[in-house]
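Since the structure comes first, as structure tokens, the remarks are kept for the end.
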Amino acid sequence: MSERAAHVDLLFVHARLATMAGGYGIVEDGAVAVRDGRIAWVGPRSEAPAADREHDCGGLWLTPGLVDCHTHIIHAGNRSDEWEARLNGASYEDIARQGGGIMSTVRATRAASDDELLRQSAPRIEALLAEGVTTLEIKSGYGLDLASEAKMLRAARRVGELLPVEVATTFLGAHALPPEFAGRADDYIDEICERMLPALADEGLVDAVDAFCERIGFSHAQTARVFEAARRRHLPVKLHAEQLSDQGGAALVAEYGGLSADHLEHLSAQGAAAMARAGTVAVLLPGAYYFLRETVMPPLALLREAGVPLAVATDCNPGTSPMTSLLLAMNMACTLWRMTPLEALLGVTANAARALGRGDIGTLEPGKRADFALWDMARPADLAYAIGANPCRGVVNAGVPREPRVSLSF
């Protein structure tokens, strides 16, 4: 825990703590002291410092605020028609030939105004915040030209200004090849590296850079060029890696000291070892696995043996994971892949924070942001246990308590 703090602004008392520092880190009758929006002290209530105000948690469980570290949640349009078509026998190729797939989302996102893009995205974001999410990663990648990618990233920044949530933005220009560059993938990588990334970084819209390294995405060499451009801008990188095949993406992102490699169903032992050496987090995305009815699971035993940190996220997107529940993602990770409830909770707190390069969130420890969630549950494993349940009863953002449900208004 920590030494006893001096007088503090606010003291949260009568709480059962799961600090997530070194496991669950349970304190049965605990308290958390806050000063200037940061945690000043954590420990047994009997040893708590004096405070200007006290907030009685009513015996509820208090955990770090949840972190959804991989989303494509800002987008326009809907692709339920394609999902229905696939269930009725249409192939992905059939849908793509008819103008569907990712390009249908690109067209809708390009056509949406700034406000309309936020209006369509708001219900998805509000659903996550109602489940105790206090930090949210938002990727671009449905614009695929400078103006539209900038529009998506500005919308993501506005979410952080208008709602009580920390937003981390990720530039995913190398998500797919836009129609205007058909047959010219290398030219599009030139556009990303020489024009799009510099302009977006200069505007302060980019916290990290991502790419889709896959046979239907971008090659190992093309991805490396994007990472070199990010390195020139001193921006951290992450990667959609080994989702459909082993392209050596995990080892590549590790070579660049990447924050995370995400998906990883086809990860090799060499890729896992490279991630472990680099400290790169494995972000597991059970929503996409479930929605696409995949059968190859991420090699959890291999990741555990290598000592790679495990995170879990929703991958909220319209085509392969229209999921707006991080609690459901935890349940799926446990049920489908045999993650333990402790691994799942670490995966949406401490390890998810690490996947964003955020050392200031993810655990209840002195010096961290005072981002908490309050839960009416019997034990921390309940967060991954009950399908469709939401026991969140309160959220604290930088020391400010609020109700779980919020609405985006502008």
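Going by the structure tokens order, chains are called A, B, ..., each with residues numbered from 1, while ligands are numbered from 1 in the order shown.
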Residues near A:Gly359, cut-off 10 Å, only C-alpha atoms, skip fewer than 4 positions along chain, as a ChimeraX atom specification: /A:350-351,353-355,363,367-369
Output N, CA, C and O atoms of each residue in that selection to a file, as a PDB file, in the first residue's frame.
ATOM      1  N   ALA A 350      -4.986  -3.163 -15.260  1.00  0.00           N
ATOM      2  CA  ALA A 350      -3.537  -2.925 -15.279  1.00  0.00           C
ATOM      3  C   ALA A 350      -2.909  -3.196 -16.639  1.00  0.00           C
ATOM      4  O   ALA A 350      -2.117  -2.384 -17.147  1.00  0.00           O
ATOM      5  N   ASN A 351      -3.233  -4.328 -17.266  1.00  0.00           N
ATOM      6  CA  ASN A 351      -2.593  -4.665 -18.535  1.00  0.00           C
ATOM      7  C   ASN A 351      -3.160  -3.872 -19.700  1.00  0.00           C
ATOM      8  O   ASN A 351      -2.442  -3.572 -20.663  1.00  0.00           O
ATOM      9  N   ALA A 353      -4.119  -0.762 -19.409  1.00  0.00           N
ATOM     10  CA  ALA A 353      -3.414   0.521 -19.282  1.00  0.00           C
ATOM     11  C   ALA A 353      -2.027   0.427 -19.888  1.00  0.00           C
ATOM     12  O   ALA A 353      -1.573   1.337 -20.603  1.00  0.00           O
ATOM     13  N   ARG A 354      -1.340  -0.681 -19.640  1.00  0.00           N
ATOM     14  CA  ARG A 354      -0.006  -0.877 -20.203  1.00  0.00           C
ATOM     15  C   ARG A 354      -0.049  -0.927 -21.724  1.00  0.00           C
ATOM     16  O   ARG A 354       0.866  -0.433 -22.398  1.00  0.00           O
ATOM     17  N   ALA A 355      -1.112  -1.503 -22.289  1.00  0.00           N
ATOM     18  CA  ALA A 355      -1.260  -1.573 -23.745  1.00  0.00           C
ATOM     19  C   ALA A 355      -1.434  -0.195 -24.374  1.00  0.00           C
ATOM     20  O   ALA A 355      -1.262  -0.036 -25.583  1.00  0.00           O
ATOM     21  N   THR A 363      -4.457   0.658 -11.832  1.00  0.00           N
ATOM     22  CA  THR A 363      -4.407   0.062 -10.496  1.00  0.00           C
ATOM     23  C   THR A 363      -4.770   1.141  -9.473  1.00  0.00           C
ATOM     24  O   THR A 363      -4.718   2.344  -9.771  1.00  0.00           O
ATOM     25  N   GLY A 367      -0.429   8.033  -6.503  1.00  0.00           N
ATOM     26  CA  GLY A 367       0.121   8.679  -7.687  1.00  0.00           C
ATOM     27  C   GLY A 367      -0.684   8.446  -8.943  1.00  0.00           C
ATOM     28  O   GLY A 367      -0.564   9.209  -9.906  1.00  0.00           O
ATOM     29  N   LYS A 368      -1.526   7.409  -8.968  1.00  0.00           N
ATOM     30  CA  LYS A 368      -2.352   7.138 -10.151  1.00  0.00           C
ATOM     31  C   LYS A 368      -3.546   8.095 -10.182  1.00  0.00           C
ATOM     32  O   LYS A 368      -3.969   8.656  -9.162  1.00  0.00           O
ATOM     33  N   ARG A 369      -4.115   8.264 -11.396  1.00  0.00           N
ATOM     34  CA  ARG A 369      -5.358   9.023 -11.515  1.00  0.00           C
ATOM     35  C   ARG A 369      -6.438   8.364 -10.664  1.00  0.00           C
ATOM     36  O   ARG A 369      -6.519   7.135 -10.588  1.00  0.00           O
TER      37      ARG A 369
END
Env of stretch 204-217 of chain A: 6 Å cut, atoms = only C-alpha atoms, seq-sep filter 2 positions within chain, self excluded. Answer as an mmCIF file with C-alpha atoms, in the first residue's frame.
data_model
loop_
_atom_site.group_PDB
_atom_site.id
_atom_site.type_symbol
_atom_site.label_atom_id
_atom_site.label_comp_id
_atom_site.auth_asym_id
_atom_site.auth_seq_id
_atom_site.Cartn_x
_atom_site.Cartn_y
_atom_site.Cartn_z
ATOM 1 C CA LEU A 153 -9.655 11.715 -34.748
ATOM 2 C CA THR A 169 -6.374 8.243 -30.098
ATOM 3 C CA THR A 170 -4.752 5.852 -32.567
ATOM 4 C CA PHE A 171 -4.101 6.615 -36.237
ATOM 5 C CA LEU A 172 -4.997 3.540 -38.296
ATOM 6 C CA ALA A 174 -3.089 1.509 -42.816
ATOM 7 C CA HIS A 175 -6.367 -0.299 -42.154
ATOM 8 C CA ALA A 176 -7.402 -1.048 -45.732
ATOM 9 C CA LEU A 200 -2.356 14.599 -38.150
ATOM 10 C CA ALA A 201 0.550 14.530 -35.713
ATOM 11 C CA ASP A 202 1.170 18.255 -36.209
ATOM 12 C CA SER A 219 2.568 -6.514 -45.959
ATOM 13 C CA LEU A 235 4.942 8.066 -31.633
ATOM 14 C CA PRO A 236 4.439 4.595 -30.136
ATOM 15 C CA VAL A 237 3.132 1.804 -32.344
ATOM 16 C CA LYS A 238 0.764 -1.148 -32.029
ATOM 17 C CA LEU A 239 -0.446 -3.684 -34.560
ATOM 18 C CA HIS A 240 -3.361 -5.823 -35.714
ATOM 19 C CA ALA A 241 -1.250 -8.976 -35.916
#
Residue set, stretch 230-289 of chain A restricted to strand (DSSP E or B), as a PyMOL selection string: chain A and resi 237-241+260-263+281-284
Exercise: A:Leu136 partners within 8 Å, only C-alpha atoms, chain neighbours under 4 positions left out, as a list in words: Val67, Asp68, Cys69, His70, Thr71, Val165, Glu166, Val167 and Ala168 of chain A
Within 12 Å of A:Ala185 using only C-alpha atoms, minus same-chain residues under 3 positions, as a list in words: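 Returned residues: Ala174, His175, Ala176, Leu177, Pro178, Pro179, Glu180, Phe181, Ala182, Tyr188, Ile189, Asp190, Glu191, Ile192, Ile216, Gly217, Phe218, Ser219, Ala221, Gln222 and Thr223 of chain A.
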Restricting it to N, CA and C atoms, dump the selection as a compact mmCIF listing (two decimals), in the first residue's frame.
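Just written: again_21.txt:
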# COMPACT_ATOMS: atom_id res chain seq x y z
N ALA A 174 -3.42 2.76 -42.13
CA ALA A 174 -3.09 1.51 -42.82
C ALA A 174 -4.03 0.40 -42.35
N HIS A 175 -5.32 0.65 -42.53
CA HIS A 175 -6.37 -0.30 -42.15
C HIS A 175 -6.82 -1.10 -43.36
N ALA A 176 -6.98 -0.42 -44.48
CA ALA A 176 -7.40 -1.05 -45.73
C ALA A 176 -6.98 -0.13 -46.87
N LEU A 177 -7.00 -0.65 -48.07
CA LEU A 177 -6.62 0.13 -49.24
C LEU A 177 -7.85 0.85 -49.78
N PRO A 178 -7.84 2.19 -49.81
CA PRO A 178 -9.01 2.92 -50.31
C PRO A 178 -9.16 2.74 -51.82
N PRO A 179 -10.38 2.89 -52.34
CA PRO A 179 -10.62 2.62 -53.77
C PRO A 179 -9.80 3.50 -54.70
N GLU A 180 -9.51 4.71 -54.28
CA GLU A 180 -8.73 5.60 -55.16
C GLU A 180 -7.27 5.16 -55.31
N PHE A 181 -6.84 4.22 -54.46
CA PHE A 181 -5.48 3.68 -54.57
C PHE A 181 -5.50 2.20 -54.98
N ALA A 182 -6.59 1.75 -55.59
CA ALA A 182 -6.71 0.35 -55.98
C ALA A 182 -5.51 -0.07 -56.83
N TYR A 188 -0.15 4.22 -51.55
CA TYR A 188 -0.96 4.62 -50.39
C TYR A 188 -0.11 4.67 -49.13
N ILE A 189 0.83 3.77 -48.97
CA ILE A 189 1.74 3.83 -47.82
C ILE A 189 2.57 5.11 -47.89
N ASP A 190 2.98 5.51 -49.10
CA ASP A 190 3.66 6.81 -49.26
C ASP A 190 2.77 7.94 -48.73
N GLU A 191 1.49 7.90 -49.10
CA GLU A 191 0.54 8.93 -48.67
C GLU A 191 0.42 8.96 -47.15
N ILE A 192 0.36 7.79 -46.52
CA ILE A 192 0.28 7.72 -45.07
C ILE A 192 1.52 8.31 -44.42
N ILE A 216 -4.82 -9.80 -46.39
CA ILE A 216 -5.85 -8.92 -46.95
C ILE A 216 -5.64 -7.48 -46.50
N GLY A 217 -4.56 -7.22 -45.80
CA GLY A 217 -4.25 -5.87 -45.35
C GLY A 217 -2.96 -5.38 -45.98
N PHE A 218 -1.94 -5.16 -45.15
CA PHE A 218 -0.67 -4.63 -45.63
C PHE A 218 0.46 -5.58 -45.26
N SER A 219 1.48 -5.57 -46.11
CA SER A 219 2.57 -6.51 -45.96
C SER A 219 3.48 -6.13 -44.79
N ALA A 221 6.64 -5.53 -45.01
CA ALA A 221 7.49 -4.40 -45.42
C ALA A 221 6.73 -3.08 -45.39
N GLN A 222 5.48 -3.09 -45.85
CA GLN A 222 4.68 -1.86 -45.83
C GLN A 222 4.39 -1.41 -44.40
N THR A 223 4.12 -2.37 -43.52
CA THR A 223 3.89 -2.04 -42.12
C THR A 223 5.13 -1.44 -41.49
A:Met339, A:Leu327, A:Leu118, A:Leu408 ranked by distance to A:Asp382, top pick (using only C-alpha atoms):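 When distances to A:Asp382 are compared using only C-alpha atoms, the smallest one comes from A:Leu327.
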Polymer residues at most 6 Å from A:Val312, only C-alpha atoms, same-chain spacing of 4 or more positions, as JSON, numbers by chain: {"A": [283, 284, 347, 348]}
Using only C-alpha atoms, what does the table of stretch 76-172 of chain A residues within 6 Å of stretch 389-405 of chain A look like, with each row giving the shortest atom pair and its distance in Å to one decimal, sorted by chain and ascending number, as a tab-separated table?
residue	atom	partner	partner_atom	distance
A:Ala130	CA	A:Pro404	CA	4.5
A:Glu131	CA	A:Cys392	CA	5.8
A:Gly132	CA	A:Val395	CA	6.0
Residues just named, written with N, CA, C and O atoms as a PDB file, in the first residue's frame:
ATOM      1  N   ALA A 130     -21.239   3.220 -19.064  1.00  0.00           N
ATOM      2  CA  ALA A 130     -22.172   2.725 -18.053  1.00  0.00           C
ATOM      3  C   ALA A 130     -21.648   1.473 -17.364  1.00  0.00           C
ATOM      4  O   ALA A 130     -22.144   1.094 -16.304  1.00  0.00           O
ATOM      5  N   GLU A 131     -20.643   0.819 -17.945  1.00  0.00           N
ATOM      6  CA  GLU A 131     -20.042  -0.368 -17.356  1.00  0.00           C
ATOM      7  C   GLU A 131     -18.731  -0.057 -16.633  1.00  0.00           C
ATOM      8  O   GLU A 131     -17.934  -0.958 -16.384  1.00  0.00           O
ATOM      9  N   GLY A 132     -18.496   1.187 -16.276  1.00  0.00           N
ATOM     10  CA  GLY A 132     -17.321   1.513 -15.489  1.00  0.00           C
ATOM     11  C   GLY A 132     -16.066   1.800 -16.281  1.00  0.00           C
ATOM     12  O   GLY A 132     -14.974   1.850 -15.710  1.00  0.00           O
TER      13      GLY A 132
END
Best match for closeness to A:Thr63 among A:Ala150, A:Ala127, A:Ile26, A:Ala156, counting only C-alpha atoms: A:Ile26
Residue list (helix (DSSP H, G or I), DSSP) for stretch 57-238 of chain A, as an NGL selection string: :A and (80-87 or 92-97 or 102-111 or 114-129 or 146-162 or 179-181 or 185-202 or 220-232)
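The spacing separating atom CA of A:Glu242 from atom CA of A:Arg86 amounts to 23.3 Å.
Counting only C-alpha atoms, the residue from A:Ala33, A:Val281, A:Leu336, A:Leu326 that sits nearest to A:Pro309 is A:Val281.
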Selection near A:Leu11, 12 Å with only C-alpha atoms, sequence-local residues under 2 positions removed, as a PyMOL selection string: chain A and resi 5-9+13-15+30-35+37-45+47-57+370+399-401
Expected file: the selected residues, N, CA, C and O atoms, as a compact mmCIF listing (two decimals), in the first residue's frame:
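What ended up in selection_7.txt:
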# COMPACT_ATOMS: atom_id res chain seq x y z
N ALA A 5 -0.96 9.15 4.34
CA ALA A 5 -0.87 10.45 3.67
C ALA A 5 -1.26 11.57 4.62
O ALA A 5 -1.92 11.36 5.64
N ALA A 6 -0.84 12.77 4.28
CA ALA A 6 -1.27 13.95 5.01
C ALA A 6 -2.73 14.24 4.67
O ALA A 6 -3.38 13.48 3.96
N HIS A 7 -3.26 15.33 5.18
CA HIS A 7 -4.65 15.71 4.95
C HIS A 7 -4.98 15.71 3.44
O HIS A 7 -4.19 16.18 2.63
N VAL A 8 -6.14 15.15 3.07
CA VAL A 8 -6.50 15.00 1.66
C VAL A 8 -7.84 15.65 1.37
O VAL A 8 -8.59 16.02 2.28
N ASP A 9 -8.16 15.76 0.07
CA ASP A 9 -9.40 16.42 -0.35
C ASP A 9 -10.63 15.55 -0.09
O ASP A 9 -11.66 16.03 0.39
N VAL A 13 -14.61 5.72 1.63
CA VAL A 13 -14.53 4.79 2.76
C VAL A 13 -15.61 3.72 2.62
O VAL A 13 -16.50 3.79 1.77
N HIS A 14 -15.52 2.71 3.53
CA HIS A 14 -16.50 1.63 3.58
C HIS A 14 -16.57 0.94 2.22
O HIS A 14 -17.66 0.72 1.66
N ALA A 15 -15.41 0.61 1.66
CA ALA A 15 -15.32 -0.06 0.36
C ALA A 15 -14.49 -1.32 0.49
O ALA A 15 -13.56 -1.40 1.30
N GLY A 30 -11.64 -1.18 3.15
CA GLY A 30 -10.61 -0.27 2.68
C GLY A 30 -11.07 1.16 2.49
O GLY A 30 -12.26 1.49 2.62
N ALA A 31 -10.10 1.99 2.18
CA ALA A 31 -10.36 3.40 1.89
C ALA A 31 -9.34 3.87 0.86
O ALA A 31 -8.23 3.34 0.77
N VAL A 32 -9.75 4.86 0.08
CA VAL A 32 -8.88 5.48 -0.91
C VAL A 32 -8.95 6.99 -0.73
O VAL A 32 -10.04 7.57 -0.73
N ALA A 33 -7.79 7.60 -0.55
CA ALA A 33 -7.72 9.05 -0.37
C ALA A 33 -7.32 9.71 -1.68
O ALA A 33 -6.47 9.20 -2.41
N VAL A 34 -7.94 10.86 -1.97
CA VAL A 34 -7.71 11.57 -3.22
C VAL A 34 -7.27 12.99 -2.93
O VAL A 34 -7.84 13.67 -2.06
N ARG A 35 -6.26 13.42 -3.65
CA ARG A 35 -5.83 14.81 -3.60
C ARG A 35 -5.55 15.28 -5.03
O ARG A 35 -4.79 14.66 -5.76
N GLY A 37 -7.23 15.13 -7.74
CA GLY A 37 -7.58 14.20 -8.79
C GLY A 37 -6.71 12.96 -8.87
O GLY A 37 -6.88 12.14 -9.78
N ARG A 38 -5.79 12.79 -7.92
CA ARG A 38 -4.89 11.64 -7.91
C ARG A 38 -5.08 10.86 -6.60
O ARG A 38 -5.52 11.41 -5.59
N ILE A 39 -4.73 9.60 -6.65
CA ILE A 39 -4.76 8.78 -5.43
C ILE A 39 -3.59 9.19 -4.55
O ILE A 39 -2.44 9.17 -4.97
N ALA A 40 -3.90 9.58 -3.32
CA ALA A 40 -2.86 9.98 -2.36
C ALA A 40 -2.52 8.86 -1.39
O ALA A 40 -1.40 8.83 -0.85
N TRP A 41 -3.48 7.95 -1.16
CA TRP A 41 -3.26 6.89 -0.18
C TRP A 41 -4.28 5.79 -0.42
O TRP A 41 -5.42 6.05 -0.80
N VAL A 42 -3.88 4.53 -0.18
CA VAL A 42 -4.78 3.38 -0.27
C VAL A 42 -4.46 2.46 0.90
O VAL A 42 -3.29 2.20 1.20
N GLY A 43 -5.50 1.95 1.57
CA GLY A 43 -5.23 1.03 2.66
C GLY A 43 -6.46 0.72 3.47
O GLY A 43 -7.61 1.03 3.08
N PRO A 44 -6.29 0.12 4.65
CA PRO A 44 -7.42 -0.18 5.54
C PRO A 44 -8.08 1.10 6.04
O PRO A 44 -7.39 2.09 6.34
N ARG A 45 -9.39 1.06 6.15
CA ARG A 45 -10.11 2.26 6.60
C ARG A 45 -9.64 2.72 7.97
O ARG A 45 -9.60 3.92 8.24
N GLU A 47 -6.80 3.00 9.09
CA GLU A 47 -5.56 3.77 9.03
C GLU A 47 -5.66 4.98 8.11
O GLU A 47 -4.65 5.62 7.81
N ALA A 48 -6.88 5.31 7.67
CA ALA A 48 -7.05 6.36 6.67
C ALA A 48 -6.71 7.74 7.22
O ALA A 48 -6.92 8.03 8.40
N PRO A 49 -6.19 8.63 6.37
CA PRO A 49 -5.88 9.99 6.80
C PRO A 49 -7.14 10.84 6.93
O PRO A 49 -8.22 10.45 6.47
N ALA A 50 -7.00 11.99 7.54
CA ALA A 50 -8.11 12.95 7.63
C ALA A 50 -8.38 13.53 6.25
O ALA A 50 -7.48 13.67 5.42
N ALA A 51 -9.66 13.89 6.03
CA ALA A 51 -10.06 14.41 4.72
C ALA A 51 -11.06 15.53 4.89
O ALA A 51 -11.80 15.58 5.89
N ASP A 52 -11.11 16.42 3.91
CA ASP A 52 -12.12 17.48 3.92
C ASP A 52 -13.52 16.90 3.77
O ASP A 52 -14.48 17.39 4.38
N ARG A 53 -13.64 15.86 2.92
CA ARG A 53 -14.95 15.24 2.69
C ARG A 53 -14.77 13.73 2.64
O ARG A 53 -13.71 13.23 2.27
N GLU A 54 -15.84 13.02 2.99
CA GLU A 54 -15.84 11.57 2.88
C GLU A 54 -16.98 11.13 1.98
O GLU A 54 -18.05 11.72 1.99
N HIS A 55 -16.73 10.09 1.21
CA HIS A 55 -17.75 9.47 0.36
C HIS A 55 -17.91 8.04 0.83
O HIS A 55 -16.97 7.24 0.73
N ASP A 56 -19.08 7.70 1.33
CA ASP A 56 -19.35 6.35 1.83
C ASP A 56 -19.74 5.45 0.66
O ASP A 56 -20.74 5.68 -0.02
N CYS A 57 -18.94 4.41 0.42
CA CYS A 57 -19.18 3.50 -0.71
C CYS A 57 -20.18 2.40 -0.37
O CYS A 57 -20.47 1.54 -1.22
N ALA A 370 -7.26 9.18 -10.04
CA ALA A 370 -8.34 8.66 -9.19
C ALA A 370 -9.54 8.30 -10.06
O ALA A 370 -10.59 8.93 -10.03
N GLY A 399 -11.26 11.63 -9.42
CA GLY A 399 -11.72 12.00 -8.09
C GLY A 399 -13.12 12.56 -8.02
O GLY A 399 -13.61 12.87 -6.92
N VAL A 400 -13.81 12.67 -9.15
CA VAL A 400 -15.16 13.24 -9.19
C VAL A 400 -16.18 12.12 -9.36
O VAL A 400 -16.22 11.47 -10.41
N PRO A 401 -17.03 11.84 -8.35
CA PRO A 401 -18.03 10.78 -8.48
C PRO A 401 -19.13 11.16 -9.46
O PRO A 401 -19.50 12.34 -9.59
